[in-house]
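J.: This is the structure I have questions about; it appears just below.
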Amino acid sequence: MTRPVIGVLHPGGLGAAVGAALRTAGHEVLWCPEGRSEVTARRADAAGLTPVDSLGELTRRCQVILSVCPPHAAAEVGAALDGFTGVYVEANAVAPHTVQDIARVRQADGATVVDGAVLGPPPGAPDELRRYRVLLSGEAAEEVAVLFRAAGFGTVVLPGPVGAASALKMAWASWLKGSAALLLSARALARAHGVEGALLEAWERDMPELAARGAEVDHLVKTKGWRWPGEMEELADAADAADLPGEPVYRGAAAVFRDALDNGAGPGPGSRTGP
C-alpha cells in the first residue's frame, strides 16, 4: 500500500494523535467536520488534518478509513459509509462480536475490514509513540501494520481473524478499567459511611501505590471517563458471549462509572459520537 489517503472518523484525542502521526509519515489525512463540534474542529486543525465537505467525499477520496470513536457509537459510525470499498480499520474498544457485526456491514459494500485496538493513552509527542501498541487482526492486518510502523507506532499483528485484536483489547481493559471501578467503589462505600478520609489516610500509610493509583483514576474519570460505561458494557457482552461469569462484574463497573459521572466526576461527550 503506497502512500494511501487516510480518513479518520472522528478525531477525538486518540484519533487526532494517530492522524497527526500518519500525516507526519507523509500521508494525506482527511476528516469530515459535518455534525462535529468546534472542539473537534480545533483538535483536527491542530493535528494538521484536512477537512472535507461530506462523508461521501471522504469515502471517495480515501483508500483507508480509520474509525476511532466512543464504543457506544462504533456500530453507527461503521454503518455510515455507503459504498466504501477500501480498507476499513475498526479501532474502537468494542467486543469481538461487535467488530464482526461491523465487518459484515462494511464487507457487504466491498470493503476489507481490519480489526484494530490501541493499548495506551493518546501520545503527546512523536517521540512517545514507541510507548504505544497498535493491535491488528484480519485479512489485511499486515498491510495496515506497515502504515502504523512507518508512523512510529509499535505494532502487533495477531494471527486470528477480525475480532482477535478487540478480544485482546477487552482483556487488557478488563483489569485496567475494572480495577479503576473497584477503587471508586471502595471510596464510595467509605464516603457513604463517613470514613472516606480515614480510608485515604490508610492507603497513604499502608499502600501508597494504591493512593497514587486512586489519584490517577480521579484524573482519568474527569478527562475521559464518559467513554468508560460503554466500554464496560462491551466487556460484559464479550464475557456473556464466551459464557464467562464476569458479565455482571463488568455491568457493575459500568454502573460505577455512570454514578461517578452523575455526581460530577467529569464532563460528558459533546455528541453521541464524542466531542
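Ordering of the C-alpha cells sets the chain letters (A, B, ...), residue numbers begin anew at 1 in every chain, and ligands are numbered from 1 in the order given.
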Need to verify the contact set: segment 212-219 of chain A, 9 Å, only C-alpha atoms, exclusion of same-chain residues closer than 5 positions in sequence. Can you return it as a PyMOL selection string?

T.: chain A and resi 180-181+183-184+204+207+224-225+265-266

J.: Apply DSSP to the structure's backbone, then extract all residues of segment 15-64 of chain A labelled strand (DSSP E) and return them as a list in words.

T.: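 For segment 15-64 of chain A, the strand (DSSP E) set is Val29, Leu30, Trp31, Thr50, Pro51 and Val64 of chain A.
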
J.: Can you pull out the residues contacting Asp237 of chain A? Cut-off 10 Å, using only C-alpha atoms, and skip same-chain residues under 5 positions away; I want them as a PyMOL selection string.

T.: chain A and resi 94-98+231-232+242-244+246-248+250-251

J.: Would you mind telling me which residue in A:Arg205, A:His10, A:Arg42, A:Lys177 lies nearest to Cys69 of chain A when using only C-alpha atoms?

T.: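 Ranked by minimum distance to Cys69 of chain A, first place goes to A:His10.
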
J.: Pull the helix (DSSP H, G or I) assignments for segment 136-194 of chain A out of DSSP run on the backbone, and list those residues as a PyMOL selection string.

T.: chain A and resi 141-150+164-192

J.: Need to verify the contact set: segment 103-112 of chain A, 7 Å, only C-alpha atoms, exclusion of same-chain residues closer than 6 positions in sequence. Can you return it as a list in words?

T.: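 Skipping anything fewer than 6 positions along the chain leaves Ala79, Gly83, Phe84, Thr85, Gly86, Val87 and Tyr88 of chain A.
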
J.: Work out how far atom CA of Ala151 of chain A is from atom CA of Ala25 of chain A, in Å to one decimal.

T.: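 Atom-to-atom, atom CA of Ala25 of chain A and atom CA of Ala151 of chain A are spaced 5.1 Å apart.
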
J.: Taking only C-alpha atoms into account, which of A:Leu182, A:Met170, A:Val256, A:Val89 comes nearest Leu136 of chain A?

T.: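 Result for the nearest residue to Leu136 of chain A: A:Val89.
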
J.: Residues at most 10 Å from Gly154 of chain A, counting only C-alpha atoms, excluding those fewer than 6 positions away in the same chain, as a PyMOL selection string?

T.: chain A and resi 118-119+129-135+145+148

J.: With C-alpha atoms retained, write the just-selected residues as a PDB file, in the first residue's frame.

T.:
ATOM      1  CA  VAL A 118      -4.623   0.777  20.691  1.00  0.00           C
ATOM      2  CA  LEU A 119      -3.043  -0.017  24.047  1.00  0.00           C
ATOM      3  CA  LEU A 129       4.866   6.755  20.119  1.00  0.00           C
ATOM      4  CA  ARG A 130       7.146   3.853  20.998  1.00  0.00           C
ATOM      5  CA  ARG A 131       5.215   3.542  24.288  1.00  0.00           C
ATOM      6  CA  TYR A 132       2.022   2.580  22.456  1.00  0.00           C
ATOM      7  CA  ARG A 133       0.997  -0.608  20.714  1.00  0.00           C
ATOM      8  CA  VAL A 134      -1.450  -0.938  17.850  1.00  0.00           C
ATOM      9  CA  LEU A 135      -3.012  -4.392  17.725  1.00  0.00           C
ATOM     10  CA  ALA A 145       0.639  -2.526  10.133  1.00  0.00           C
ATOM     11  CA  PHE A 148       1.411   2.398  11.566  1.00  0.00           C
TER      12      PHE A 148
END

J.: Fewer than 4 positions away in the same chain doesn't count, so skip those; otherwise give me all residues within 12 Å of Ala188 of chain A, counting only C-alpha atoms, as an mmCIF file with C-alpha atoms, in the first residue's frame.

T.:
data_model
loop_
_atom_site.group_PDB
_atom_site.id
_atom_site.type_symbol
_atom_site.label_atom_id
_atom_site.label_comp_id
_atom_site.auth_asym_id
_atom_site.auth_seq_id
_atom_site.Cartn_x
_atom_site.Cartn_y
_atom_site.Cartn_z
ATOM 1 C CA ALA A 181 -14.109 0.799 39.186
ATOM 2 C CA LEU A 182 -13.121 -1.131 42.319
ATOM 3 C CA LEU A 183 -11.187 1.860 43.650
ATOM 4 C CA LEU A 184 -14.123 4.168 43.009
ATOM 5 C CA ALA A 192 -21.408 6.650 52.416
ATOM 6 C CA HIS A 193 -20.364 5.650 55.949
ATOM 7 C CA GLY A 194 -18.444 8.854 56.674
ATOM 8 C CA VAL A 195 -14.947 7.334 56.691
ATOM 9 C CA GLU A 196 -13.536 8.254 53.260
ATOM 10 C CA GLY A 197 -10.844 10.487 54.792
ATOM 11 C CA LEU A 199 -9.604 5.270 54.104
ATOM 12 C CA LEU A 200 -7.419 7.632 52.097
ATOM 13 C CA VAL A 256 -19.953 2.633 38.985
ATOM 14 C CA PHE A 257 -18.620 4.893 36.228
ATOM 15 C CA ASP A 259 -22.613 7.036 39.123
ATOM 16 C CA ALA A 260 -19.252 8.828 39.310
ATOM 17 C CA ASN A 263 -22.029 13.001 40.651
#

J.: Using only C-alpha atoms, which residue out of A:Val64, A:Leu220, A:Ala171, A:Ala44 lies closest to Pro4 of chain A?

T.: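 Selected residue with least distance to Pro4 of chain A: A:Val64.
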
J.: Please, what distance in Å, to one decimal, runs between atom CA of Ala47 of chain A and atom CA of Leu22 of chain A?

T.: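 It comes out at 10.1 Å.
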
J.: At a cut-off of 10 Å, using only C-alpha atoms, what residues contact Asp101 of chain A? Leave out same-chain residues fewer than 6 positions from it and give the result as a ChimeraX atom specification.

T.: /A:75,78,107,163

J.: Rounded to one decimal place, report the atom CA of Pro51 of chain A-atom CA of Cys32 of chain A distance in Å.

T.: 5.5 Å
